[in-house]
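Colleague: Contents of target.cif (mmCIF, C-alpha atoms and all ligand atoms):
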```
data_data
#
loop_
_atom_site.label_atom_id
_atom_site.label_comp_id
_atom_site.auth_asym_id
_atom_site.auth_seq_id
_atom_site.Cartn_x
_atom_site.Cartn_y
_atom_site.Cartn_z
CA GLY A 4 -22.29 84.69 8.97
CA ALA A 5 -26.00 84.68 9.63
CA THR A 6 -27.47 83.89 13.04
CA ILE A 7 -30.28 81.39 13.47
CA GLY A 8 -32.57 81.96 16.43
CA ILE A 9 -33.97 78.81 18.02
CA LEU A 10 -36.93 78.85 20.41
CA GLY A 11 -36.33 76.07 22.92
CA GLY A 12 -33.07 74.74 24.30
CA GLY A 13 -33.69 71.00 24.69
CA GLN A 14 -31.79 68.22 22.95
CA LEU A 15 -33.39 69.05 19.61
CA GLY A 16 -32.18 72.65 19.91
CA ARG A 17 -28.77 71.33 20.86
CA MET A 18 -28.49 69.09 17.80
CA LEU A 19 -29.84 71.87 15.55
CA SER A 20 -27.15 74.18 16.94
CA VAL A 21 -24.41 71.68 16.19
CA ALA A 22 -25.66 71.27 12.62
CA ALA A 23 -25.94 75.04 12.13
CA SER A 24 -22.48 75.58 13.52
CA ARG A 25 -21.07 73.03 11.08
CA LEU A 26 -22.51 75.13 8.23
CA GLY A 27 -20.89 78.28 9.59
CA PHE A 28 -24.01 79.76 11.16
CA ARG A 29 -24.24 81.17 14.64
CA THR A 30 -27.14 80.08 16.84
CA HIS A 31 -29.00 81.97 19.52
CA ILE A 32 -31.21 79.94 21.86
CA PHE A 33 -34.26 81.42 23.62
CA GLU A 34 -35.22 79.21 26.55
CA PRO A 35 -37.06 79.97 29.82
CA GLY A 36 -35.39 77.15 31.80
CA ALA A 37 -31.92 77.36 33.32
CA HIS A 38 -28.99 75.31 31.92
CA PRO A 39 -30.74 73.92 28.84
CA PRO A 40 -28.88 71.16 26.91
CA ALA A 41 -28.45 73.50 23.92
CA ALA A 42 -26.60 76.11 25.98
CA ASP A 43 -23.38 74.04 25.86
CA VAL A 44 -23.15 74.30 22.08
CA ALA A 45 -25.04 77.45 21.06
CA HIS A 46 -23.24 80.71 20.45
CA GLN A 47 -25.65 82.73 22.54
CA VAL A 48 -28.45 81.98 24.99
CA THR A 49 -31.27 84.18 26.25
CA THR A 50 -32.84 82.89 29.46
CA ALA A 51 -36.24 84.53 29.79
CA PRO A 52 -39.91 83.57 29.91
CA TYR A 53 -41.99 83.73 26.73
CA GLU A 54 -43.98 86.53 28.40
CA ASP A 55 -40.91 88.83 28.45
CA ALA A 56 -41.60 91.12 25.48
CA ALA A 57 -38.33 93.03 25.83
CA ALA A 58 -36.25 89.83 25.84
CA LEU A 59 -38.15 88.51 22.82
CA GLY A 60 -37.57 91.78 20.96
CA ALA A 61 -33.85 91.75 21.71
CA PHE A 62 -33.64 88.10 20.66
CA ALA A 63 -35.35 88.85 17.34
CA ALA A 64 -33.08 91.83 16.71
CA ALA A 65 -30.02 89.62 17.23
CA VAL A 66 -30.99 86.90 14.73
CA ASP A 67 -31.73 86.66 11.00
CA VAL A 68 -34.37 83.93 11.05
CA ILE A 69 -36.31 82.22 13.84
CA THR A 70 -37.05 78.52 14.12
CA TYR A 71 -38.14 76.31 17.01
CA GLU A 72 -37.59 72.89 18.51
CA PHE A 73 -41.01 72.44 20.08
CA GLU A 74 -44.49 73.37 18.99
CA ASN A 75 -46.01 74.74 22.18
CA ILE A 76 -44.67 78.26 21.95
CA PRO A 77 -47.29 80.69 23.31
CA THR A 78 -49.19 82.54 20.59
CA THR A 79 -48.48 85.88 22.29
CA ALA A 80 -44.72 85.33 21.87
CA LEU A 81 -45.17 84.44 18.20
CA ASP A 82 -47.31 87.55 17.66
CA LEU A 83 -44.43 89.64 18.99
CA LEU A 84 -41.74 87.89 16.93
CA GLU A 85 -43.54 87.53 13.62
CA PRO A 86 -43.32 91.19 12.45
CA LEU A 87 -39.62 91.29 13.34
CA ARG A 88 -38.09 88.23 11.66
CA PRO A 89 -39.23 85.34 9.48
CA ILE A 90 -40.48 82.39 11.55
CA ARG A 91 -39.83 79.05 9.82
CA PRO A 92 -41.79 76.79 9.76
CA GLY A 93 -44.54 79.42 9.59
CA ARG A 94 -47.39 80.27 11.93
CA GLU A 95 -49.97 78.15 10.13
CA ALA A 96 -48.06 74.92 10.83
CA LEU A 97 -47.80 75.88 14.49
CA ARG A 98 -51.42 76.90 14.81
CA ILE A 99 -52.59 73.62 13.32
CA SER A 100 -50.31 71.33 15.30
CA GLN A 101 -50.86 73.02 18.67
CA ASP A 102 -54.38 71.58 18.91
CA ARG A 103 -55.16 67.93 18.14
CA ILE A 104 -58.66 68.80 16.86
CA THR A 105 -57.43 71.53 14.51
CA GLU A 106 -54.72 69.14 13.33
CA LYS A 107 -57.12 66.28 12.60
CA ASP A 108 -59.57 68.67 10.87
CA PHE A 109 -56.70 69.82 8.66
CA LEU A 110 -55.57 66.27 7.87
CA THR A 111 -59.05 64.97 7.07
CA GLY A 112 -59.61 68.13 5.01
CA LEU A 113 -56.67 67.05 2.87
CA GLY A 114 -58.39 63.71 2.31
CA LEU A 115 -56.05 61.82 4.65
CA LYS A 116 -57.25 59.19 7.08
CA THR A 117 -57.07 59.69 10.86
CA ALA A 118 -58.54 57.80 13.79
CA PRO A 119 -62.23 58.69 14.29
CA TYR A 120 -62.33 61.62 16.71
CA ALA A 121 -64.60 64.01 18.57
CA ALA A 122 -64.06 67.02 20.84
CA VAL A 123 -64.68 66.52 24.55
CA ASP A 124 -65.23 69.28 27.12
CA ASP A 125 -67.43 67.65 29.74
CA ALA A 126 -69.33 64.49 30.68
CA ALA A 127 -72.10 65.12 28.14
CA SER A 128 -69.73 65.65 25.19
CA LEU A 129 -67.71 62.61 26.28
CA GLU A 130 -70.85 60.48 26.23
CA ALA A 131 -71.68 61.77 22.76
CA ALA A 132 -68.08 61.19 21.65
CA ILE A 133 -68.15 57.57 22.87
CA ALA A 134 -71.38 57.03 20.95
CA ALA A 135 -69.79 58.47 17.78
CA VAL A 136 -66.27 57.03 18.04
CA GLY A 137 -66.83 53.81 19.98
CA VAL A 138 -64.57 52.00 22.44
CA PRO A 139 -61.78 51.17 22.97
CA ALA A 140 -60.68 54.77 22.65
CA ILE A 141 -58.09 57.21 23.96
CA LEU A 142 -58.93 60.53 25.55
CA LYS A 143 -56.11 63.06 25.05
CA THR A 144 -55.71 66.69 26.02
CA ARG A 145 -56.08 68.82 22.88
CA ARG A 146 -52.96 70.84 23.69
CA PHE A 147 -49.53 70.42 25.31
CA GLY A 148 -49.37 66.61 25.33
CA TYR A 149 -46.13 64.80 24.50
CA ASP A 150 -44.50 61.44 25.31
CA GLY A 151 -47.99 60.05 25.96
CA LYS A 152 -48.67 62.56 28.76
CA GLY A 153 -52.22 63.83 29.12
CA GLN A 154 -53.74 60.61 27.74
CA SER A 155 -56.22 58.17 29.23
CA ARG A 156 -57.47 54.92 27.72
CA LEU A 157 -61.10 53.85 27.77
CA MET A 158 -61.67 50.13 27.40
CA ALA A 159 -65.40 50.54 28.04
CA ALA A 160 -67.94 53.37 28.33
CA THR A 161 -67.84 52.88 32.10
CA ASP A 162 -64.26 54.22 32.08
CA ALA A 163 -65.61 57.66 31.08
CA PRO A 164 -65.62 59.35 34.52
CA ARG A 165 -62.06 58.26 35.31
CA ALA A 166 -60.77 59.32 31.89
CA LEU A 167 -62.48 62.69 32.15
CA ALA A 168 -60.97 63.23 35.61
CA ASP A 169 -57.53 62.45 34.11
CA MET A 170 -57.95 65.47 31.79
CA ALA A 171 -58.14 67.74 34.86
CA GLY A 172 -60.53 70.12 33.10
CA SER A 173 -58.43 70.57 29.94
CA PRO A 174 -60.26 70.53 26.61
CA ALA A 175 -59.81 67.03 25.16
CA ILE A 176 -60.23 64.85 22.10
CA LEU A 177 -61.57 61.31 22.05
CA GLU A 178 -59.82 59.15 19.45
CA GLY A 179 -61.00 55.72 18.44
CA PHE A 180 -58.32 53.11 19.12
CA VAL A 181 -56.57 52.17 15.88
CA ASP A 182 -55.76 48.46 15.76
CA PHE A 183 -52.51 49.03 13.88
CA GLN A 184 -50.02 46.40 12.71
CA TYR A 185 -47.11 48.71 13.44
CA GLU A 186 -46.15 52.38 13.50
CA VAL A 187 -43.92 54.28 11.09
CA SER A 188 -42.95 57.90 10.65
CA VAL A 189 -41.79 60.00 7.76
CA ILE A 190 -39.34 62.82 8.27
CA GLY A 191 -40.02 65.27 5.46
CA ALA A 192 -38.35 68.54 4.52
CA ARG A 193 -39.37 71.45 2.33
CA ASN A 194 -37.34 74.55 1.53
CA THR A 195 -38.24 78.13 0.56
CA ARG A 196 -38.25 77.16 -3.15
CA GLY A 197 -40.81 74.46 -2.48
CA ASP A 198 -38.45 71.52 -3.03
CA VAL A 199 -39.49 68.50 -0.96
CA ALA A 200 -37.30 65.64 0.25
CA CYS A 201 -38.35 62.79 2.54
CA TYR A 202 -36.25 60.32 4.45
CA ASP A 203 -36.94 56.61 4.26
CA PRO A 204 -39.79 55.91 6.70
CA GLY A 205 -38.68 54.41 10.01
CA GLU A 206 -40.57 51.83 12.07
CA ASN A 207 -41.26 52.99 15.62
CA VAL A 208 -41.80 51.11 18.86
CA HIS A 209 -43.04 52.99 21.93
CA ARG A 210 -42.69 52.02 25.58
CA ASP A 211 -44.87 53.69 28.20
CA GLY A 212 -45.93 56.28 25.60
CA ILE A 213 -42.32 57.27 24.85
CA LEU A 214 -40.48 56.40 21.65
CA HIS A 215 -38.17 53.49 22.42
CA ARG A 216 -36.77 52.42 19.06
CA THR A 217 -36.77 53.42 15.40
CA THR A 218 -35.66 50.88 12.79
CA VAL A 219 -34.79 51.59 9.16
CA PRO A 220 -35.72 50.12 6.81
CA SER A 221 -39.27 49.58 8.06
CA ARG A 222 -41.45 46.64 7.04
CA LEU A 223 -43.41 48.88 4.63
CA SER A 224 -43.97 47.53 1.13
CA ALA A 225 -42.71 49.67 -1.74
CA ALA A 226 -46.29 50.78 -2.43
CA LEU A 227 -46.95 51.85 1.18
CA ARG A 228 -43.58 53.55 1.37
CA MET A 229 -44.61 55.59 -1.66
CA ASP A 230 -47.98 56.39 -0.04
CA ALA A 231 -46.23 57.54 3.14
CA VAL A 232 -43.87 59.85 1.31
CA LEU A 233 -46.56 61.26 -0.97
CA LEU A 234 -48.96 62.04 1.87
CA THR A 235 -46.12 63.78 3.72
CA ALA A 236 -45.39 65.91 0.67
CA ARG A 237 -49.10 66.74 0.45
CA ILE A 238 -49.04 68.00 4.07
CA LEU A 239 -45.86 70.04 3.55
CA ASN A 240 -47.16 71.66 0.37
CA ALA A 241 -50.58 72.45 1.86
CA LEU A 242 -48.89 74.39 4.65
CA ASP A 243 -46.33 76.09 2.35
CA TYR A 244 -44.00 74.58 4.92
CA VAL A 245 -40.34 75.46 5.35
CA GLY A 246 -38.25 73.13 7.50
CA VAL A 247 -38.38 69.53 8.69
CA MET A 248 -41.58 67.85 9.86
CA GLY A 249 -42.26 64.50 11.51
CA VAL A 250 -45.38 62.63 10.37
CA GLU A 251 -46.42 59.70 12.59
CA LEU A 252 -48.44 56.98 10.87
CA PHE A 253 -50.32 53.82 11.85
CA VAL A 254 -50.04 50.95 9.38
CA THR A 255 -53.27 48.97 9.05
CA PRO A 256 -54.59 46.42 6.55
CA GLN A 257 -56.69 49.31 5.14
CA GLY A 258 -53.61 51.47 4.56
CA LEU A 259 -51.95 54.35 6.36
CA ILE A 260 -53.64 56.39 9.08
CA VAL A 261 -52.05 59.64 10.25
CA ASN A 262 -51.54 59.73 14.03
CA GLU A 263 -50.04 63.19 14.40
CA ILE A 264 -47.64 65.67 12.85
CA ALA A 265 -44.80 67.56 14.55
CA PRO A 266 -43.61 70.82 12.92
CA ARG A 267 -39.97 70.27 13.84
CA VAL A 268 -37.13 67.80 13.81
CA HIS A 269 -38.36 64.57 15.33
CA ASN A 270 -37.02 61.91 17.69
CA SER A 271 -37.82 59.20 15.13
CA GLY A 272 -35.49 60.99 12.68
CA HIS A 273 -32.39 60.71 14.85
CA TRP A 274 -31.20 57.67 12.86
CA THR A 275 -30.43 60.04 9.96
CA GLN A 276 -27.40 61.32 11.90
CA ASN A 277 -25.57 58.10 11.08
CA GLY A 278 -27.61 56.73 8.19
CA CYS A 279 -27.52 59.65 5.74
CA THR A 280 -25.04 62.13 4.34
CA ILE A 281 -27.34 65.03 5.32
CA ASP A 282 -29.20 64.37 8.56
CA GLN A 283 -32.54 65.87 9.63
CA PHE A 284 -30.86 68.61 11.68
CA GLU A 285 -28.72 69.89 8.81
CA GLN A 286 -31.71 69.51 6.47
CA HIS A 287 -33.81 71.71 8.76
CA ILE A 288 -31.09 74.35 9.02
CA ARG A 289 -30.65 74.31 5.24
CA ALA A 290 -34.38 74.78 4.73
CA VAL A 291 -34.86 77.63 7.21
CA ALA A 292 -31.70 79.35 5.95
CA GLY A 293 -33.05 79.36 2.39
CA TRP A 294 -30.51 76.84 1.13
CA PRO A 295 -30.99 73.93 -1.26
CA LEU A 296 -31.95 70.68 0.47
CA GLY A 297 -29.26 68.02 0.82
CA ASP A 298 -29.24 64.36 -0.12
CA GLY A 299 -31.14 62.46 2.55
CA SER A 300 -30.94 59.02 0.98
CA ARG A 301 -30.17 56.23 3.40
CA HIS A 302 -26.74 54.54 3.15
CA ALA A 303 -27.05 52.04 6.01
CA ASP A 304 -29.55 50.01 8.00
CA VAL A 305 -29.86 51.68 11.39
CA VAL A 306 -31.55 50.99 14.72
CA MET A 307 -31.98 54.09 16.88
CA GLU A 308 -32.68 53.56 20.57
CA ASN A 309 -33.42 56.24 23.11
CA LEU A 310 -31.49 56.30 26.37
CA ILE A 311 -34.12 57.16 28.94
CA GLY A 312 -33.42 57.73 32.65
CA ALA A 313 -31.38 54.84 34.07
CA ASP A 314 -30.49 53.63 30.53
CA MET A 315 -27.54 55.98 31.02
CA ASP A 316 -25.96 53.20 33.13
CA ARG A 317 -25.50 51.26 29.86
CA VAL A 318 -23.29 53.92 28.32
CA PRO A 319 -19.94 52.30 29.27
CA ASP A 320 -21.05 49.02 27.64
CA LEU A 321 -22.49 50.79 24.60
CA ALA A 322 -19.25 52.70 24.17
CA ARG A 323 -17.52 49.33 23.60
CA GLU A 324 -19.72 48.55 20.57
CA PRO A 325 -17.67 49.72 17.60
CA ALA A 326 -20.57 50.37 15.18
CA THR A 327 -22.81 52.16 17.68
CA ALA A 328 -22.83 55.94 17.60
CA LEU A 329 -23.59 57.54 20.95
CA HIS A 330 -25.42 60.86 21.13
CA LEU A 331 -25.62 62.18 24.68
CA TYR A 332 -27.41 65.39 25.56
CA GLY A 333 -25.26 66.53 28.49
CA LYS A 334 -28.21 66.68 30.90
CA ALA A 335 -26.82 66.92 34.41
CA GLU A 336 -29.69 65.23 36.22
CA VAL A 337 -30.89 61.72 35.38
CA LYS A 338 -34.65 61.39 35.91
CA ALA A 339 -37.04 58.52 35.22
CA GLY A 340 -38.68 59.03 31.83
CA ARG A 341 -36.21 61.75 30.84
CA LYS A 342 -34.56 61.51 27.42
CA MET A 343 -30.82 61.54 28.18
CA GLY A 344 -29.43 60.51 24.80
CA HIS A 345 -29.78 57.97 22.03
CA ILE A 346 -27.72 55.46 20.10
CA ASN A 347 -27.61 54.74 16.41
CA ARG A 348 -26.54 51.17 15.81
CA ILE A 349 -25.38 50.49 12.28
CA VAL A 350 -26.76 47.03 11.49
CA THR A 351 -25.60 46.22 8.00
CA PRO A 352 -23.54 48.83 6.23
CA LYS A 353 -24.55 48.85 2.58
CA GLY A 354 -21.90 47.54 0.17
P1 LIG A 401 -45.22 62.36 21.04
O1 LIG A 401 -44.15 62.29 22.07
O2 LIG A 401 -44.99 61.42 19.85
O3 LIG A 401 -45.63 63.74 20.62
P2 LIG A 401 -47.90 62.21 22.14
O4 LIG A 401 -47.97 62.43 23.60
O5 LIG A 401 -48.32 63.31 21.23
O6 LIG A 401 -46.46 61.67 21.77
P3 LIG A 401 -49.37 60.25 20.59
O7 LIG A 401 -48.43 60.18 19.46
O8 LIG A 401 -50.72 60.84 20.35
O9 LIG A 401 -48.75 60.92 21.89
O10 LIG A 401 -49.58 58.80 21.21
C1 LIG A 401 -48.47 58.06 21.69
C2 LIG A 401 -48.59 56.63 21.24
O11 LIG A 401 -49.80 56.05 21.75
C3 LIG A 401 -48.69 56.46 19.73
O12 LIG A 401 -47.43 56.47 19.11
C4 LIG A 401 -49.39 55.11 19.67
O13 LIG A 401 -48.50 54.07 19.95
C5 LIG A 401 -50.40 55.21 20.78
N1 LIG A 401 -51.66 55.82 20.27
C6 LIG A 401 -51.97 57.14 20.28
N2 LIG A 401 -53.18 57.36 19.72
C7 LIG A 401 -53.64 56.16 19.34
C8 LIG A 401 -54.84 55.70 18.71
N3 LIG A 401 -55.82 56.54 18.35
N4 LIG A 401 -54.96 54.38 18.46
C9 LIG A 401 -53.98 53.51 18.83
N5 LIG A 401 -52.84 53.86 19.42
C10 LIG A 401 -52.66 55.17 19.70
MG MG A 402 -47.29 64.42 19.92
MG MG A 403 -46.69 60.89 18.86
#
```
Would you kindly transcribe this structure into structure tokens?

Modeller:
Amino acid sequence: GATIGILGGGQLGRMLSVAASRLGFRTHIFEPGAHPPAADVAHQVTTAPYEDAAALGAFAAAVDVITYEFENIPTTALDLLEPLRPIRPGREALRISQDRITEKDFLTGLGLKTAPYAAVDDAASLEAAIAAVGVPAILKTRRFGYDGKGQSRLMAATDAPRALADMAGSPAILEGFVDFQYEVSVIGARNTRGDVACYDPGENVHRDGILHRTTVPSRLSAALRMDAVLLTARILNALDYVGVMGVELFVTPQGLIVNEIAPRVHNSGHWTQNGCTIDQFEQHIRAVAGWPLGDGSRHADVVMENLIGADMDRVPDLAREPATALHLYGKAEVKAGRKMGHINRIVTPKG
């Protein structure tokens, strides 16, 4: 069978490997860190830095198609891989989502709403950004942020020096604070034929900048649910996208505002593992392998909760809940703020 190369060996790479394996594919993980969660389940692992051109070349030669589980792959590595094997989702999706300014320019260019934003490089541009965007606002690093890292809130203009210091010299973006009612996300998929399928939007609650819980169904009205799915399809089509994408949205009285997009399987899509016949991981593998998309319709009400750090102590109790599916990532070391696993609690099976 064909071999799918996956850049990144975290829990997303692990769950992609399991899904690929179930379809008869082999997986080959490329990951700089030692003992990545995906290594337990992948067929092959290359441990090398993204700067190692020889290792990247050998990896490409050993696989049929390359995908990834995180978006911050260095451009130099992608430049090396691209002539050798197809990279799905493609370079354009990566380029756009690696920089919050480029991403927001793209989204607003499609006619979608985002928070007001401005680029910030120094005290003068921050002052101008505050004048343009207003306060409260959030200053975020343009690149490499995740789980709320690299963010600083400004309640007033006087917070500017502290917020700028928090960026530690990294190029930043100032975003106006969106007074949202709640947050939802759409997990969308598009295959090489251009077919698009979206999962039912989930409602997300964050704690300390990290996703805590996703609930399906969300509180979205039928009209807003349609808006959410249609705007996701618009994004996928504009990028000629192949694979699964997560689109994070703020729900406001004025409609949906796009927070950010992630060109990969997404934590808020983990509920699909127990709520759908074809989950987001299989859907992604199907798409990048050039297969038809599967049926992602929801057959149960599900609450997904992340197990972060010491939440692992709850596993024995959770294991006694008969309708709670446990998904543990096999990470040896428990650390505060570290995603160790998640649960999918089936609330009301549909009749
Ligand atoms: P992820 O792990 O989802 O990639 P991230 O580090 O990229 O996280 P964001 O999604 O930008 O972070 O922000 C994390 C959370 O902070 C959001 O889900 C939302 O709750 C809040 N937030 C971010 N930006 C804004 C904003 N402009 N207005 C209001 N709340 C915001
Ligand atoms: Mg993000
Ligand atoms: Mg986010």

Colleague: Could you produce a table of the residues of range 148-226 of chain A lying within 8 Å of range 247-264 of chain A, with the nearest pair of atoms per residue and their separation in Å rounded to one decimal, using all atoms listed in the file, ordered by chain and increasing residue number, as CSV?

Modeller:
```
residue,atom,partner,partner_atom,distance
A:Val181,CA,A:Phe253,CA,7.6
A:Asp182,CA,A:Thr255,CA,7.2
A:Phe183,CA,A:Thr255,CA,4.9
A:Gln184,CA,A:Thr255,CA,5.5
A:Tyr185,CA,A:Val254,CA,5.5
A:Glu186,CA,A:Phe253,CA,4.7
A:Val187,CA,A:Leu252,CA,5.3
A:Ser188,CA,A:Glu251,CA,4.4
A:Val189,CA,A:Val250,CA,5.2
A:Ile190,CA,A:Gly249,CA,4.7
A:Gly191,CA,A:Met248,CA,5.3
A:Ala192,CA,A:Val247,CA,4.3
A:Arg193,CA,A:Val247,CA,6.7
```

Colleague: Mind checking which residues fall within 6 Å of range 285-302 of chain A, counting all atoms listed in the file, ignoring those fewer than 6 positions away in the same chain, and posting them as a PDB file with C-alpha atoms, keeping the file's coordinate frame?

Modeller:
```pdb
ATOM      1  CA  ALA A  22     -25.660  71.270  12.620  1.00  0.00           C
ATOM      2  CA  ARG A  91     -39.830  79.050   9.820  1.00  0.00           C
ATOM      3  CA  ASN A 194     -37.340  74.550   1.530  1.00  0.00           C
ATOM      4  CA  THR A 195     -38.240  78.130   0.560  1.00  0.00           C
ATOM      5  CA  TYR A 202     -36.250  60.320   4.450  1.00  0.00           C
ATOM      6  CA  GLY A 246     -38.250  73.130   7.500  1.00  0.00           C
ATOM      7  CA  VAL A 247     -38.380  69.530   8.690  1.00  0.00           C
ATOM      8  CA  GLY A 278     -27.610  56.730   8.190  1.00  0.00           C
ATOM      9  CA  CYS A 279     -27.520  59.650   5.740  1.00  0.00           C
TER      10      CYS A 279
END
```

Colleague: Which residue out of A:Asp198, A:Asp150, A:Asp320, A:Glu336 has the minimum interatomic distance to Asn270 in chain A when all atoms listed in the file are used?

Modeller: A:Asp150

Colleague: Step by step, measure atom-to-atom distances between ligand LIG 401 (chain A) and each residue using all atoms listed in the file, keep those at most 7 Å, then write them as a PDB file with C-alpha atoms, keeping the file's coordinate frame.

Modeller:
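Final output, out09.pdb:
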```
ATOM      1  CA  ALA A 118     -58.540  57.800  13.790  1.00  0.00           C
ATOM      2  CA  ALA A 140     -60.680  54.770  22.650  1.00  0.00           C
ATOM      3  CA  ILE A 141     -58.090  57.210  23.960  1.00  0.00           C
ATOM      4  CA  GLY A 148     -49.370  66.610  25.330  1.00  0.00           C
ATOM      5  CA  TYR A 149     -46.130  64.800  24.500  1.00  0.00           C
ATOM      6  CA  ASP A 150     -44.500  61.440  25.310  1.00  0.00           C
ATOM      7  CA  GLY A 151     -47.990  60.050  25.960  1.00  0.00           C
ATOM      8  CA  LYS A 152     -48.670  62.560  28.760  1.00  0.00           C
ATOM      9  CA  GLU A 178     -59.820  59.150  19.450  1.00  0.00           C
ATOM     10  CA  GLY A 179     -61.000  55.720  18.440  1.00  0.00           C
ATOM     11  CA  PHE A 180     -58.320  53.110  19.120  1.00  0.00           C
ATOM     12  CA  VAL A 181     -56.570  52.170  15.880  1.00  0.00           C
ATOM     13  CA  ASP A 182     -55.760  48.460  15.760  1.00  0.00           C
ATOM     14  CA  PHE A 183     -52.510  49.030  13.880  1.00  0.00           C
ATOM     15  CA  HIS A 209     -43.040  52.990  21.930  1.00  0.00           C
ATOM     16  CA  GLY A 212     -45.930  56.280  25.600  1.00  0.00           C
ATOM     17  CA  ILE A 213     -42.320  57.270  24.850  1.00  0.00           C
ATOM     18  CA  LEU A 214     -40.480  56.400  21.650  1.00  0.00           C
ATOM     19  CA  ASN A 262     -51.540  59.730  14.030  1.00  0.00           C
ATOM     20  CA  GLU A 263     -50.040  63.190  14.400  1.00  0.00           C
TER      21      GLU A 263
END
```

Colleague: Counting only C-alpha atoms, what is within 12 Å of Glu34 in chain A, bar same-chain residues fewer than 2 positions away, as a VMD selection string?

Modeller: chain A and resid 8 to 13 16 to 17 31 to 32 36 to 42 45 47 to 55 58 to 59 62 71 to 73 76

Colleague: Would you compute the distance between CA of Val66 in chain A and CA of Ile7 in chain A? Give it in Å to one decimal.

Modeller: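 Going from CA of Val66 in chain A over to CA of Ile7 in chain A, I get 5.7 Å.
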
Colleague: Ala63 in chain A: which residues within 10 Å, counting all atoms listed in the file, same-chain residues fewer than 6 positions away excluded, as a list in words?

Modeller: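 What passes the distance filter is Ile7, Gly8, His31, Phe33, Ala57, Ile69, Leu83, Leu84, Glu85, Pro86, Leu87, Arg88 and Pro89 of chain A.
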
Colleague: Would you compute the distance between CA of Ala160 in chain A and CA of Glu130 in chain A? Give it in Å to one decimal.

Modeller: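 That distance, rounded to one decimal, is 8.0 Å.
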
Colleague: Pick out the closest residue to ligand MG 403 (chain A) from this set: A:Val208, A:Ala61, A:Leu26, A:Leu223. Count all atoms listed in the file.

Modeller: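 Between A:Val208, A:Ala61, A:Leu26, A:Leu223, the residue approaching ligand MG 403 (chain A) most closely is A:Val208.
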
Colleague: Which value, in Å to one decimal, gives the distance between CA of Thr105 in chain A and CA of Ala134 in chain A?

Modeller: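 These two atoms are separated by 21.1 Å.
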
Colleague: Using all atoms of range 41-53 of chain A listed in the file and a margin of 8 Å per side, can you give the axis-aligned box centre and edge lengths in Å to one decimal, as JSON?

Modeller:
```
{"center_x": -32.6, "center_y": 79.0, "center_z": 25.2, "size_x": 34.8, "size_y": 27.0, "size_z": 25.5}
```

Colleague: Name the closest residue to ligand MG 402 (chain A) among the candidates A:Pro119, A:Pro204, A:Gly344, A:Gly153; distances are taken between atoms, counting only C-alpha atoms and all ligand atoms.

Modeller: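 Of all the options, A:Gly153 lies closest to ligand MG 402 (chain A).
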
Colleague: So that I can check the surroundings of Glu308 in chain A, please list as a short mmCIF file (atom, residue, chain, number, x, y, z; two decimals) with C-alpha atoms, in the coordinates of the input every protein, DNA and RNA residue that reaches within 9 Å of it, counting only C-alpha atoms and ignoring chain neighbours fewer than 2 positions away.

Modeller:
```cif
data_model
loop_
_atom_site.label_atom_id
_atom_site.label_comp_id
_atom_site.auth_asym_id
_atom_site.auth_seq_id
_atom_site.Cartn_x
_atom_site.Cartn_y
_atom_site.Cartn_z
CA LEU A 214 -40.48 56.40 21.65
CA HIS A 215 -38.17 53.49 22.42
CA ARG A 216 -36.77 52.42 19.06
CA THR A 217 -36.77 53.42 15.40
CA THR A 218 -35.66 50.88 12.79
CA TRP A 274 -31.20 57.67 12.86
CA VAL A 306 -31.55 50.99 14.72
CA LEU A 310 -31.49 56.30 26.37
CA GLY A 344 -29.43 60.51 24.80
CA HIS A 345 -29.78 57.97 22.03
CA ILE A 346 -27.72 55.46 20.10
CA ASN A 347 -27.61 54.74 16.41
CA ARG A 348 -26.54 51.17 15.81
#
```

Colleague: Nearest to ligand MG 402 (chain A) among A:Asn240, A:Ser173, A:Ser221, A:Gln154, with distances taken over all atoms listed in the file: which residue is it?

Modeller: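 Looking at the shortest contact to ligand MG 402 (chain A), the residue is A:Gln154.
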
Colleague: Can you work out which one of A:Arg210, A:Lys116, A:Arg98, A:His46 has the shortest atom-to-atom distance to Arg146 in chain A, counting all atoms listed in the file?

Modeller: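 Residue with the minimum atom-to-atom distance to Arg146 in chain A: A:Arg98.
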
Colleague: For ligand MG 403 (chain A), which of A:Ala131, A:Ala265, A:Ala159, A:Leu19 is the closest residue, counting all atoms listed in the file?

Modeller: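 Under the stated criterion, the closest residue is A:Ala265.
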